[in-house]
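Engineer: Below is protein_37.txt; it holds compact mmCIF, C-alpha atoms.
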```txt
# COMPACT_ATOMS: atom_id res chain seq x y z
CA MET U 212 -20.96 -16.96 68.00
CA ALA U 213 -22.38 -20.31 67.05
CA ASP U 214 -22.53 -22.87 69.78
CA ASP U 215 -20.27 -25.80 69.08
CA THR U 216 -22.74 -28.23 70.49
CA GLU U 217 -25.50 -27.15 68.17
CA ASP U 218 -27.07 -29.87 66.15
CA VAL U 219 -26.14 -29.67 62.52
CA GLU U 220 -28.29 -31.29 59.95
CA LEU U 221 -26.42 -33.47 57.51
CA ASP U 222 -27.70 -33.16 54.00
CA PHE U 223 -26.75 -36.20 52.05
CA ALA U 224 -28.40 -35.04 48.85
CA ASP U 225 -25.99 -32.12 48.62
CA ASP U 226 -23.04 -34.43 49.09
CA GLU U 227 -24.18 -36.54 46.21
CA GLN U 228 -24.48 -33.51 43.99
CA GLU U 229 -21.00 -32.42 44.99
CA ARG U 230 -19.62 -35.84 44.22
CA ALA U 231 -21.33 -35.86 40.86
CA ARG U 232 -19.81 -32.45 40.06
CA ARG U 233 -16.37 -33.53 41.05
CA GLY U 234 -16.55 -36.59 38.91
CA ALA U 235 -17.85 -34.86 35.83
CA VAL U 236 -15.67 -34.45 32.80
CA MET U 237 -16.96 -30.98 32.09
CA ARG U 238 -18.62 -28.73 34.57
CA HIS U 239 -19.20 -25.80 32.28
CA PRO U 240 -19.79 -27.15 28.80
CA LEU U 241 -21.50 -23.98 27.62
CA ALA U 242 -18.66 -21.74 28.79
CA SER U 243 -16.07 -24.01 27.15
CA PHE U 244 -18.02 -23.97 23.92
CA PHE U 245 -18.29 -20.21 23.79
CA HIS U 246 -14.66 -19.82 24.79
CA LEU U 247 -13.65 -21.47 21.56
CA PHE U 248 -16.63 -20.60 19.37
CA PHE U 249 -16.01 -16.92 18.68
CA ARG U 250 -12.27 -17.28 18.15
CA VAL U 251 -12.51 -20.20 15.79
CA VAL U 252 -15.36 -18.68 13.76
CA ALA U 253 -13.40 -15.43 13.42
CA ILE U 254 -10.41 -17.33 12.01
CA ILE U 255 -12.66 -19.27 9.64
CA VAL U 256 -14.31 -16.07 8.43
CA TYR U 257 -10.91 -14.50 7.80
CA VAL U 258 -9.74 -17.47 5.77
CA LEU U 259 -12.97 -17.76 3.79
CA CYS U 260 -13.70 -14.06 3.46
CA ASP U 261 -13.48 -14.07 -0.31
CA TRP U 262 -16.22 -16.64 -0.52
CA ILE U 263 -18.46 -15.01 2.07
CA SER U 264 -18.69 -11.53 0.67
CA LYS U 265 -16.98 -9.36 -1.91
CA ASN U 266 -17.26 -6.41 0.41
CA PHE U 267 -14.23 -5.85 2.61
CA ALA U 268 -16.24 -3.77 5.08
CA SER U 269 -18.68 -6.53 5.98
CA CYS U 270 -15.87 -9.03 6.60
CA PHE U 271 -14.05 -6.47 8.70
CA VAL U 272 -17.10 -5.69 10.80
CA LEU U 273 -17.96 -9.36 11.21
CA ILE U 274 -14.49 -10.35 12.37
CA ILE U 275 -14.12 -7.39 14.71
CA THR U 276 -17.56 -8.06 16.20
CA LEU U 277 -16.76 -11.74 16.73
CA LEU U 278 -13.43 -10.94 18.32
CA SER U 279 -14.97 -8.30 20.58
CA PHE U 280 -17.52 -10.81 21.82
CA ASP U 281 -14.72 -13.30 22.25
CA PHE U 282 -12.68 -10.78 24.23
CA TRP U 283 -15.59 -10.03 26.51
CA SER U 284 -16.60 -13.63 27.06
CA VAL U 285 -13.07 -14.87 27.71
CA LYS U 286 -12.31 -12.01 30.04
CA ASN U 287 -15.55 -12.05 32.00
CA VAL U 288 -16.88 -15.58 31.78
CA SER U 289 -14.44 -18.28 30.65
CA GLY U 290 -11.64 -17.23 32.93
CA ARG U 291 -13.56 -17.28 36.15
CA LEU U 292 -15.64 -20.32 35.33
CA LEU U 293 -13.04 -22.56 33.77
CA VAL U 294 -9.85 -21.75 35.67
CA GLY U 295 -10.85 -19.40 38.48
CA LEU U 296 -8.76 -16.49 37.20
CA ARG U 297 -9.83 -12.92 36.68
CA TRP U 298 -8.20 -9.64 35.75
CA TRP U 299 -9.44 -6.10 35.45
CA ASN U 300 -8.58 -2.47 35.62
CA GLN U 301 -9.86 -0.12 38.24
CA ILE U 302 -9.44 3.57 38.83
CA ASP U 303 -9.05 4.59 42.44
CA GLU U 304 -10.21 7.83 43.99
CA GLU U 305 -7.12 9.76 43.00
CA GLY U 306 -7.66 8.78 39.39
CA ARG U 307 -4.75 6.36 39.29
CA SER U 308 -5.20 3.34 37.09
CA LEU U 309 -4.62 -0.01 38.75
CA TRP U 310 -4.53 -3.42 37.09
CA VAL U 311 -5.60 -6.27 39.33
CA PHE U 312 -4.89 -9.93 38.64
CA GLU U 313 -6.77 -12.44 40.69
CA ALA U 314 -6.47 -16.19 41.13
CA LYS U 315 -8.54 -18.54 43.25
CA LYS U 316 -6.19 -20.02 45.78
CA THR U 317 -8.09 -23.19 46.52
CA PRO U 318 -10.12 -24.24 43.51
CA SER U 319 -13.67 -24.48 44.74
CA GLY U 320 -16.07 -27.10 43.55
CA ASN U 321 -17.24 -24.88 40.77
CA THR U 322 -14.10 -24.20 38.76
CA GLY U 323 -13.42 -26.23 35.67
CA THR U 324 -12.09 -29.73 35.42
CA GLU U 325 -8.72 -30.60 33.97
CA ALA U 326 -10.19 -31.08 30.52
CA GLU U 327 -11.73 -27.61 30.64
CA GLU U 328 -8.50 -26.09 31.84
CA ARG U 329 -6.69 -27.62 28.92
CA ILE U 330 -9.34 -26.31 26.52
CA PHE U 331 -9.01 -22.87 28.05
CA TRP U 332 -5.25 -22.56 27.76
CA LEU U 333 -5.11 -24.24 24.37
CA GLY U 334 -7.68 -21.85 22.93
CA LEU U 335 -5.97 -18.90 24.56
CA ILE U 336 -2.51 -19.69 23.16
CA VAL U 337 -3.14 -21.23 19.75
CA CYS U 338 -5.40 -18.54 18.32
CA PRO U 339 -2.99 -15.60 18.73
CA LEU U 340 -0.33 -17.76 17.08
CA ILE U 341 -2.62 -18.30 14.10
CA TRP U 342 -3.31 -14.57 13.86
CA THR U 343 0.43 -13.87 13.99
CA PHE U 344 0.82 -16.21 11.05
CA PHE U 345 -1.89 -14.24 9.22
CA PHE U 346 0.00 -11.07 10.07
CA PHE U 347 3.05 -12.27 8.19
CA THR U 348 1.09 -13.60 5.24
CA SER U 349 -0.77 -10.33 4.77
CA LEU U 350 2.44 -8.35 5.32
CA PHE U 351 4.31 -10.24 2.62
CA ASP U 352 1.35 -10.08 0.26
CA LEU U 353 1.19 -6.33 0.91
CA LYS U 354 -2.52 -6.46 1.63
CA ILE U 355 -2.56 -3.40 3.83
CA LYS U 356 -6.29 -3.36 4.49
CA TRP U 357 -6.16 -6.86 5.86
CA LEU U 358 -3.04 -6.05 7.81
CA CYS U 359 -5.00 -3.41 9.70
CA LEU U 360 -7.64 -6.00 10.56
CA VAL U 361 -5.05 -8.56 11.62
CA VAL U 362 -3.30 -6.05 13.89
CA ALA U 363 -6.61 -5.25 15.59
CA SER U 364 -7.34 -8.98 16.03
CA ILE U 365 -3.92 -9.73 17.44
CA SER U 366 -4.20 -6.92 19.98
CA LEU U 367 -7.60 -8.20 21.17
CA GLN U 368 -6.41 -11.76 21.52
CA VAL U 369 -3.02 -11.02 23.05
CA ALA U 370 -4.61 -8.75 25.65
CA ASN U 371 -6.53 -11.67 27.13
CA LEU U 372 -3.55 -14.01 26.87
CA TYR U 373 -1.32 -11.55 28.69
CA GLY U 374 -3.92 -10.84 31.36
CA TYR U 375 -4.43 -14.49 32.17
CA LEU U 376 -0.73 -15.28 32.19
CA ARG U 377 -0.29 -12.52 34.77
CA CYS U 378 -3.15 -13.98 36.79
CA LYS U 379 -1.58 -17.40 36.68
CA SER U 380 1.75 -16.06 37.91
CA ALA U 381 -0.05 -14.13 40.63
CA GLY U 382 -1.63 -17.38 41.73
CA GLN U 383 1.68 -19.20 41.77
CA ASP U 384 3.61 -16.54 43.61
CA GLY U 385 1.12 -16.74 46.40
CA ARG U 386 1.86 -13.37 47.87
CA PRO U 387 -1.26 -11.94 49.45
CA PRO U 388 -1.42 -8.15 49.22
CA ALA U 389 -0.36 -6.03 52.16
CA SER U 390 -3.62 -4.12 52.32
CA HIS U 391 -7.07 -5.62 52.78
CA SER U 392 -6.11 -9.22 53.34
CA PHE U 393 -8.30 -11.20 55.63
CA PRO U 394 -7.62 -14.70 56.87
CA GLY U 395 -8.76 -17.59 54.83
CA GLN U 396 -9.46 -15.58 51.76
CA HIS U 397 -9.84 -17.69 48.69
CA LEU U 398 -8.52 -15.11 46.32
CA LEU U 399 -5.00 -13.93 45.75
CA GLN U 400 -4.66 -10.52 44.26
CA ARG U 401 -1.71 -8.78 42.86
CA PRO U 402 -2.37 -5.18 41.96
CA ASP U 403 -0.05 -4.18 39.23
CA ILE U 404 0.59 -1.47 36.75
CA ILE U 405 1.52 -2.31 33.19
CA PHE U 406 4.40 -0.24 31.93
CA GLY U 407 3.41 2.53 34.32
CA ILE U 408 1.60 4.25 31.48
CA LEU U 409 -1.53 2.27 30.80
CA MET F 156 -34.83 -19.50 99.47
CA ALA F 157 -38.36 -18.79 98.40
CA GLU F 158 -37.68 -15.15 98.84
CA GLU F 159 -34.76 -15.28 96.49
CA ALA F 160 -36.62 -17.28 93.90
CA SER F 161 -39.56 -14.92 93.94
CA ARG F 162 -37.47 -11.93 93.01
CA PRO F 163 -36.39 -12.23 89.39
CA PHE F 164 -32.78 -11.43 88.64
CA ALA F 165 -32.11 -11.64 92.34
CA GLY F 166 -28.70 -13.05 91.89
CA LEU F 167 -27.69 -10.21 89.64
CA SER F 168 -28.29 -7.40 92.04
CA ASP F 169 -24.75 -7.49 93.12
CA VAL F 170 -22.78 -8.06 89.98
CA SER F 171 -19.40 -6.54 90.25
CA ILE F 172 -16.11 -7.64 88.87
CA PRO F 173 -13.38 -7.89 91.41
CA GLU F 174 -10.46 -5.84 90.32
CA ASP F 175 -7.88 -8.55 90.52
CA ILE F 176 -9.48 -10.62 87.77
CA PRO F 177 -8.42 -9.28 84.39
CA VAL F 178 -11.22 -8.89 81.99
CA GLU F 179 -10.35 -9.16 78.38
CA GLY F 180 -12.04 -10.19 75.25
CA ASP F 181 -11.85 -9.97 71.53
CA ILE F 182 -14.42 -8.05 69.66
CA SER F 183 -13.78 -8.59 66.01
CA VAL F 184 -16.16 -6.87 63.69
CA PRO F 185 -16.21 -8.90 60.55
CA VAL F 186 -15.92 -5.94 58.24
CA GLY F 187 -14.07 -8.04 55.74
CA ALA F 188 -16.82 -10.59 55.57
CA SER F 189 -19.24 -8.45 53.65
CA ARG F 190 -16.53 -7.55 51.20
CA ARG F 191 -15.69 -11.19 50.86
CA ASP F 192 -19.29 -11.81 49.97
CA ASP F 193 -19.05 -9.12 47.35
CA GLU F 194 -15.97 -10.78 45.90
CA TYR F 195 -17.72 -14.11 45.72
CA SER F 196 -20.83 -12.62 44.28
CA THR F 197 -19.16 -10.99 41.29
CA LEU F 198 -16.86 -13.95 40.78
CA ASP F 199 -19.80 -16.32 40.74
CA GLU F 200 -22.53 -14.17 39.35
CA PRO F 201 -24.54 -15.55 36.48
CA VAL F 202 -23.51 -14.49 33.00
CA LYS F 203 -26.73 -12.66 32.29
CA GLU F 204 -26.00 -10.35 35.22
CA THR F 205 -22.59 -9.52 33.84
CA ILE F 206 -23.99 -8.76 30.41
CA LEU F 207 -26.75 -6.55 31.79
CA ARG F 208 -24.34 -4.73 34.05
CA ASP F 209 -22.04 -3.88 31.16
CA LEU F 210 -24.92 -2.85 28.92
CA ARG F 211 -26.24 -0.53 31.56
CA ALA F 212 -22.80 1.04 31.98
CA VAL F 213 -22.55 1.67 28.24
CA GLY F 214 -26.03 3.21 28.16
CA LYS F 215 -25.21 5.49 31.06
CA LYS F 216 -22.16 6.81 29.26
CA PHE F 217 -24.12 7.60 26.13
CA ILE F 218 -26.50 9.65 28.24
CA HIS F 219 -23.55 11.45 29.80
CA VAL F 220 -22.38 12.52 26.37
CA LEU F 221 -25.82 13.92 25.64
CA TYR F 222 -25.71 16.03 28.79
CA PRO F 223 -22.05 16.63 29.39
CA LYS F 224 -21.16 17.79 32.84
CA ARG F 225 -18.08 17.22 34.89
CA SER F 226 -18.47 13.89 36.59
CA SER F 227 -15.52 11.86 37.67
CA ALA F 228 -17.77 8.87 38.23
CA LEU F 229 -18.17 8.48 34.49
CA LEU F 230 -14.45 8.25 33.93
CA ARG F 231 -13.96 5.62 36.61
CA ASP F 232 -15.67 2.78 34.76
CA TRP F 233 -14.26 3.13 31.33
CA ASP F 234 -15.16 0.73 28.59
CA LEU F 235 -14.48 0.66 24.89
CA TRP F 236 -17.75 -0.86 23.67
CA GLY F 237 -19.32 2.49 22.91
CA PRO F 238 -16.36 3.75 20.89
CA LEU F 239 -16.23 0.48 18.95
CA LEU F 240 -19.93 0.66 18.15
CA LEU F 241 -19.75 4.32 17.11
CA CYS F 242 -16.64 3.74 15.04
CA VAL F 243 -18.22 0.86 13.14
CA THR F 244 -21.46 2.79 12.61
CA LEU F 245 -19.64 5.86 11.35
CA ALA F 246 -17.42 3.81 9.07
CA LEU F 247 -20.44 1.99 7.63
CA LEU F 248 -22.32 5.25 7.08
CA LEU F 249 -19.30 6.73 5.32
CA GLN F 250 -19.11 3.66 3.14
CA GLY F 251 -21.98 4.21 0.79
CA GLY F 252 -20.06 6.63 -1.35
CA ALA F 253 -17.36 4.17 -2.30
CA ALA F 254 -19.22 0.92 -2.45
CA ASP F 255 -17.81 -0.65 -5.59
CA SER F 256 -14.74 1.21 -6.71
CA ASP F 257 -11.84 2.00 -4.52
CA ASP F 258 -11.15 5.59 -5.45
CA GLN F 259 -14.39 7.51 -5.53
CA GLY F 260 -16.63 9.36 -3.16
CA GLY F 261 -15.52 8.59 0.32
CA PRO F 262 -12.86 7.25 2.61
CA GLN F 263 -12.12 3.59 2.69
CA PHE F 264 -13.59 1.62 5.52
CA ALA F 265 -10.31 0.80 7.16
CA GLU F 266 -9.20 4.43 6.84
CA VAL F 267 -12.00 5.60 9.10
CA PHE F 268 -11.04 3.00 11.67
CA VAL F 269 -7.39 3.95 11.51
CA ILE F 270 -8.10 7.68 11.72
CA ILE F 271 -10.35 7.32 14.73
CA TRP F 272 -8.28 4.86 16.74
CA PHE F 273 -4.86 6.13 15.80
CA GLY F 274 -6.01 9.70 16.30
CA SER F 275 -7.35 8.88 19.76
CA ILE F 276 -4.10 7.15 20.70
CA VAL F 277 -2.04 10.14 19.56
CA ILE F 278 -4.22 12.58 21.50
CA THR F 279 -3.95 10.41 24.59
CA LEU F 280 -0.18 10.21 24.29
CA ASN F 281 -0.09 13.96 23.88
CA SER F 282 -2.08 14.57 27.01
CA LYS F 283 0.01 12.08 28.97
CA LEU F 284 3.23 13.71 27.82
CA LEU F 285 1.83 17.03 29.00
CA GLY F 286 1.49 15.49 32.41
CA GLY F 287 -2.15 14.57 32.45
CA THR F 288 -3.52 12.45 35.26
CA ILE F 289 -6.03 10.57 33.19
CA SER F 290 -5.19 7.01 32.25
CA PHE F 291 -4.69 5.72 28.72
CA PHE F 292 -7.93 3.79 28.36
CA GLN F 293 -10.01 6.42 30.13
CA SER F 294 -8.96 8.95 27.55
CA LEU F 295 -9.70 6.57 24.68
CA CYS F 296 -13.10 5.95 26.25
CA VAL F 297 -13.97 9.65 26.49
CA LEU F 298 -12.78 10.49 22.98
CA GLY F 299 -14.63 7.52 21.55
CA TYR F 300 -17.93 8.23 23.26
CA CYS F 301 -17.83 11.87 22.24
CA ILE F 302 -17.89 10.86 18.59
CA MET F 303 -21.59 10.21 19.11
CA PRO F 304 -22.83 13.68 18.04
CA LEU F 305 -20.81 13.41 14.84
CA THR F 306 -22.25 9.98 14.11
CA VAL F 307 -25.74 11.38 14.54
CA ALA F 308 -24.79 14.23 12.20
CA MET F 309 -23.61 11.70 9.64
CA ALA F 310 -26.94 9.91 9.77
CA VAL F 311 -28.75 13.24 9.32
CA CYS F 312 -26.50 14.11 6.39
CA ARG F 313 -27.24 10.83 4.66
CA ILE F 314 -30.94 11.52 5.03
CA VAL F 315 -30.55 15.06 3.71
CA LEU F 316 -28.51 13.80 0.76
CA ILE F 317 -31.36 11.54 -0.27
CA GLY F 318 -33.27 14.70 -1.04
CA GLY F 319 -30.56 16.04 -3.30
CA SER F 320 -27.11 17.54 -3.12
CA GLY F 321 -27.64 21.18 -4.05
CA THR F 322 -26.72 24.36 -2.22
CA VAL F 323 -29.55 24.11 0.28
CA SER F 324 -28.63 20.61 1.27
CA PHE F 325 -25.03 21.70 1.64
CA ALA F 326 -26.04 24.59 3.88
CA VAL F 327 -28.12 22.32 6.06
CA ARG F 328 -25.33 19.77 6.30
CA LEU F 329 -22.81 22.47 7.14
CA VAL F 330 -24.93 23.72 10.02
CA VAL F 331 -25.57 20.22 11.35
CA VAL F 332 -21.94 19.14 11.14
CA THR F 333 -20.65 22.35 12.70
CA ALA F 334 -23.11 22.07 15.58
CA SER F 335 -22.25 18.44 16.27
CA PHE F 336 -18.52 19.12 15.97
CA GLY F 337 -18.86 21.86 18.56
CA TRP F 338 -20.87 19.56 20.79
CA SER F 339 -18.30 16.75 20.55
CA THR F 340 -15.41 19.05 21.33
CA PHE F 341 -17.24 20.63 24.22
CA ALA F 342 -18.28 17.27 25.68
CA SER F 343 -14.82 15.76 25.51
CA THR F 344 -13.04 18.80 26.92
CA ALA F 345 -15.54 18.83 29.78
CA PHE F 346 -14.11 15.46 30.77
CA LEU F 347 -10.51 15.78 29.69
CA ALA F 348 -9.53 19.31 30.59
CA ASP F 349 -10.01 18.71 34.30
CA SER F 350 -7.09 16.37 34.41
CA GLN F 351 -4.64 19.07 33.31
CA PRO F 352 -3.04 22.00 35.12
CA PRO F 353 -4.74 25.26 34.09
CA ASN F 354 -1.99 26.71 31.93
CA ARG F 355 -1.92 23.58 29.79
CA LYS F 356 -5.58 23.24 29.03
CA ALA F 357 -5.31 24.82 25.57
CA LEU F 358 -2.41 22.52 24.69
CA VAL F 359 -4.64 19.54 25.40
CA VAL F 360 -7.77 20.90 23.79
CA TYR F 361 -6.40 21.79 20.38
CA PRO F 362 -5.57 18.21 19.27
CA VAL F 363 -9.09 17.20 20.28
CA PHE F 364 -10.35 20.12 18.18
CA LEU F 365 -8.28 18.90 15.22
CA PHE F 366 -9.42 15.32 15.67
CA TYR F 367 -13.11 16.13 15.56
CA PHE F 368 -12.49 18.65 12.82
CA VAL F 369 -11.02 15.94 10.58
CA ILE F 370 -13.94 13.64 11.28
CA GLY F 371 -16.40 16.46 10.66
CA TRP F 372 -14.61 17.24 7.40
CA MET F 373 -14.92 13.62 6.28
CA ILE F 374 -18.64 13.79 7.02
CA LEU F 375 -19.19 17.12 5.30
CA THR F 376 -17.33 16.17 2.12
CA PHE F 377 -19.08 12.84 1.80
CA SER F 378 -20.87 12.52 -1.49
CA PRO F 379 -22.81 9.43 -2.46
CA SER F 380 -21.75 7.76 -5.69
CA GLN F 381 -24.36 8.16 -8.42
```
Would you mind writing the file's structure down as structure tokens?
Structural biologist:
Amino acid sequence: MADDTEDVELDFADDEQERARRGAVMRHPLASFFHLFFRVVAIIVYVLCDWISKNFASCFVLIITLLSFDFWSVKNVSGRLLVGLRWWNQIDEEGRSLWVFEAKKTPSGNTGTEAEERIFWLGLIVCPLIWTFFFFTSLFDLKIKWLCLVVASISLQVANLYGYLRCKSAGQDGRPPASHSFPGQHLLQRPDIIFGIL
Amino acid sequence: MAEEASRPFAGLSDVSIPEDIPVEGDISVPVGASRRDDEYSTLDEPVKETILRDLRAVGKKFIHVLYPKRSSALLRDWDLWGPLLLCVTLALLLQGGAADSDDQGGPQFAEVFVIIWFGSIVITLNSKLLGGTISFFQSLCVLGYCIMPLTVAMAVCRIVLIGGSGTVSFAVRLVVVTASFGWSTFASTAFLADSQPPNRKALVVYPVFLFYFVIGWMILTFSPSQ
């Protein structure tokens, strides 16, 4: 055990860095950029696909690739850097599938600022709405090939939206799990099972 | 006094705890602490680490398909990157026969996607309805990764077709596609059949057989447009 009367060195340089971080408008500019980049480019490609290439396949592949990268980066990077939320699926020893939604209880110095939070949620909510609009336009135009693409895009985008909404509600409920909880933990977890099937 | 000082640990020779003084303490082994460090480390790890970790996981699964053996560790970390990559590759390779017109030579691009993903979903639902213990995404993962032999067969077929499309080339393609179809079915049942009770294994295996048969058929009947 550390002796209470030990001399502790005060490091003023660190404090200044911390203060600078806290005052910054954006702590993770690169993460914020990539959070929006893939989604917006995918929408632009969809709208301009006739001008980009006559070939349906190349548009399809391009959009699906962009949205897969977007899915991965929002799930693994943007969430934890910008808002301190994270969700994943794990299989325990008996082979049961468990979905875990995690939220940082006390936002540490490294999670995003308010501006970044707004960017995160705005990007997360607006893009699926745009794809839903595309769903109806392609449905009414009876463009079945494009409908298939739009359905795939919507499922990728809505998956992240749903996951992060669950994380947010896990953070607000504030119920620490019965098992493995240790005092002062900074993370709230709510293991959950979606529909009991997935 | 000098005597006492000269003998080290003199005062400790008679250390005994009188019985009327209760001795108690708290030994707390911070087992949680190391786990907490793990939590922090993956929550705060640099992005490059995350990317490399996922790439390595995908690579490991591809190797598992090459040498299929029952390993539950493979199923635990499912991911759908491999299936997506294989699906896109297969769909692109099947594309050359119908490049310009819509009706000739080969399946449409979106058709291949729909067949593969919808087929995998139906097989997964089937195995879940039969009481399988495997989860939805794990099953999609296994079925998707096991398309790899068929994708390789498709690449081989395209190469063979460059040489011509006579009887010999057809025979070669038939052998290649049949071998890879058998390999795919064998690899996926090695992973999937374990999650079923023994009298139901055939009920689970035959849709997988059909699934890879349809894909193999698409590959075998592919003919490049002239």
Engineer: Name the closest residue to Phe282 in chain U among the candidates U:Leu360, U:Cys378, U:Arg250, U:Leu340; distances are taken between atoms, counting only C-alpha atoms.
Structural biologist: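 Among U:Leu360, U:Cys378, U:Arg250, U:Leu340, it is U:Arg250 that comes nearest to Phe282 in chain U.
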Engineer: Identify which of the residues F:Leu249, F:Val269, F:Trp233, F:Arg355 lies closest to Val362 in chain U, counting only C-alpha atoms when measuring atom-to-atom distances.
Structural biologist: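 Looking at the shortest contact to Val362 in chain U, the residue is F:Val269.
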Engineer: What gap, in Å, lies between CA of Phe351 in chain U and CA of Ile271 in chain F?
Structural biologist: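 The value is 25.9 Å.
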Engineer: Taking only C-alpha atoms into account, which of U:Leu358, U:Leu292, U:Ile263, U:Leu278 comes nearest Val251 in chain U?
Structural biologist: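 Looking only at the distances to Val251 in chain U, the closest residue turns out to be U:Leu278.
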Engineer: Do a neighbour search on Gln301 in chain U at 7 Å with only C-alpha atoms, toss out local chain neighbours closer than 6 positions, and write the hits as a list in words.
Structural biologist: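 Within the cut-off, the hits are Ser308, Leu309 and Trp310 of chain U.
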Engineer: Can you work out which one of U:Lys356, U:Lys316, U:His239, U:Lys286 has the shortest atom-to-atom distance to chain F, counting only C-alpha atoms?
Structural biologist: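 Checking each of U:Lys356, U:Lys316, U:His239, U:Lys286 against chain F, counting only C-alpha atoms, the winner is U:Lys356.
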Engineer: Can you tell me which residues surround Ala265 in chain F at a distance of at most 8 Å, considering only C-alpha atoms, apart from same-chain residues fewer than 2 positions away, and format the answer as a count of residues only?
Structural biologist: 8
Engineer: Give me, please, the distance in Å between CA of Ile218 in chain F and CA of Gly237 in chain F, quoted to one decimal.
Structural biologist: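 Here the two named atoms are 11.5 Å from each other.
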Engineer: Contacts of range 329-337 of chain F at 10 Å or less, counting all atoms listed in the file, minus same-chain residues fewer than 2 places along, as a ChimeraX atom specification?
Structural biologist: /F:301-309,311-312,323-327,339-342,364,366-372,374-376
Engineer: Mind writing the picked residues with C-alpha atoms as a JSON list (two decimals), in the coordinates of the input?
Structural biologist:
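The new file selection_17.json reads:
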```json
[["chain", "number", "residue", "atom", "x", "y", "z"],
["F", 301, "CYS", "CA", -17.83, 11.87, 22.24],
["F", 302, "ILE", "CA", -17.89, 10.86, 18.59],
["F", 303, "MET", "CA", -21.59, 10.21, 19.11],
["F", 304, "PRO", "CA", -22.83, 13.68, 18.04],
["F", 305, "LEU", "CA", -20.81, 13.41, 14.84],
["F", 306, "THR", "CA", -22.25, 9.98, 14.11],
["F", 307, "VAL", "CA", -25.74, 11.38, 14.54],
["F", 308, "ALA", "CA", -24.79, 14.23, 12.20],
["F", 309, "MET", "CA", -23.61, 11.70, 9.64],
["F", 311, "VAL", "CA", -28.75, 13.24, 9.32],
["F", 312, "CYS", "CA", -26.50, 14.11, 6.39],
["F", 323, "VAL", "CA", -29.55, 24.11, 0.28],
["F", 324, "SER", "CA", -28.63, 20.61, 1.27],
["F", 325, "PHE", "CA", -25.03, 21.70, 1.64],
["F", 326, "ALA", "CA", -26.04, 24.59, 3.88],
["F", 327, "VAL", "CA", -28.12, 22.32, 6.06],
["F", 339, "SER", "CA", -18.30, 16.75, 20.55],
["F", 340, "THR", "CA", -15.41, 19.05, 21.33],
["F", 341, "PHE", "CA", -17.24, 20.63, 24.22],
["F", 342, "ALA", "CA", -18.28, 17.27, 25.68],
["F", 364, "PHE", "CA", -10.35, 20.12, 18.18],
["F", 366, "PHE", "CA", -9.42, 15.32, 15.67],
["F", 367, "TYR", "CA", -13.11, 16.13, 15.56],
["F", 368, "PHE", "CA", -12.49, 18.65, 12.82],
["F", 369, "VAL", "CA", -11.02, 15.94, 10.58],
["F", 370, "ILE", "CA", -13.94, 13.64, 11.28],
["F", 371, "GLY", "CA", -16.40, 16.46, 10.66],
["F", 372, "TRP", "CA", -14.61, 17.24, 7.40],
["F", 374, "ILE", "CA", -18.64, 13.79, 7.02],
["F", 375, "LEU", "CA", -19.19, 17.12, 5.30],
["F", 376, "THR", "CA", -17.33, 16.17, 2.12]]
```
Engineer: Around (-10.1, -14.1, 14.7) in the file's own coordinates, what residues are found within 10 Å if you use only C-alpha atoms, given back as an mmCIF file with C-alpha atoms, in the coordinates of the input?
Structural biologist:
```cif
data_model
loop_
_atom_site.group_PDB
_atom_site.id
_atom_site.type_symbol
_atom_site.label_atom_id
_atom_site.label_comp_id
_atom_site.auth_asym_id
_atom_site.auth_seq_id
_atom_site.Cartn_x
_atom_site.Cartn_y
_atom_site.Cartn_z
ATOM 1 C CA PHE U 249 -16.010 -16.920 18.680
ATOM 2 C CA ARG U 250 -12.270 -17.280 18.150
ATOM 3 C CA VAL U 251 -12.510 -20.200 15.790
ATOM 4 C CA VAL U 252 -15.360 -18.680 13.760
ATOM 5 C CA ALA U 253 -13.400 -15.430 13.420
ATOM 6 C CA ILE U 254 -10.410 -17.330 12.010
ATOM 7 C CA ILE U 255 -12.660 -19.270 9.640
ATOM 8 C CA VAL U 256 -14.310 -16.070 8.430
ATOM 9 C CA TYR U 257 -10.910 -14.500 7.800
ATOM 10 C CA VAL U 258 -9.740 -17.470 5.770
ATOM 11 C CA LEU U 273 -17.960 -9.360 11.210
ATOM 12 C CA ILE U 274 -14.490 -10.350 12.370
ATOM 13 C CA ILE U 275 -14.120 -7.390 14.710
ATOM 14 C CA THR U 276 -17.560 -8.060 16.200
ATOM 15 C CA LEU U 277 -16.760 -11.740 16.730
ATOM 16 C CA LEU U 278 -13.430 -10.940 18.320
ATOM 17 C CA SER U 279 -14.970 -8.300 20.580
ATOM 18 C CA ASP U 281 -14.720 -13.300 22.250
ATOM 19 C CA CYS U 338 -5.400 -18.540 18.320
ATOM 20 C CA PRO U 339 -2.990 -15.600 18.730
ATOM 21 C CA ILE U 341 -2.620 -18.300 14.100
ATOM 22 C CA TRP U 342 -3.310 -14.570 13.860
ATOM 23 C CA PHE U 345 -1.890 -14.240 9.220
ATOM 24 C CA LEU U 360 -7.640 -6.000 10.560
ATOM 25 C CA VAL U 361 -5.050 -8.560 11.620
ATOM 26 C CA ALA U 363 -6.610 -5.250 15.590
ATOM 27 C CA SER U 364 -7.340 -8.980 16.030
ATOM 28 C CA ILE U 365 -3.920 -9.730 17.440
ATOM 29 C CA LEU U 367 -7.600 -8.200 21.170
ATOM 30 C CA GLN U 368 -6.410 -11.760 21.520
#
```
Engineer: Which of these residues is nearest to chain F, using all atoms listed in the file: U:Phe347, U:Trp332, U:Phe271, U:Tyr375?
Structural biologist: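 For chain F, the nearest of the given residues is U:Phe271.
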Engineer: Which of these, U:Trp357, U:Trp262, U:Phe248, U:Phe331, has the shortest distance to chain F once you count only C-alpha atoms?
Structural biologist: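 Comparing U:Trp357, U:Trp262, U:Phe248, U:Phe331 against chain F, the winner is U:Trp357.
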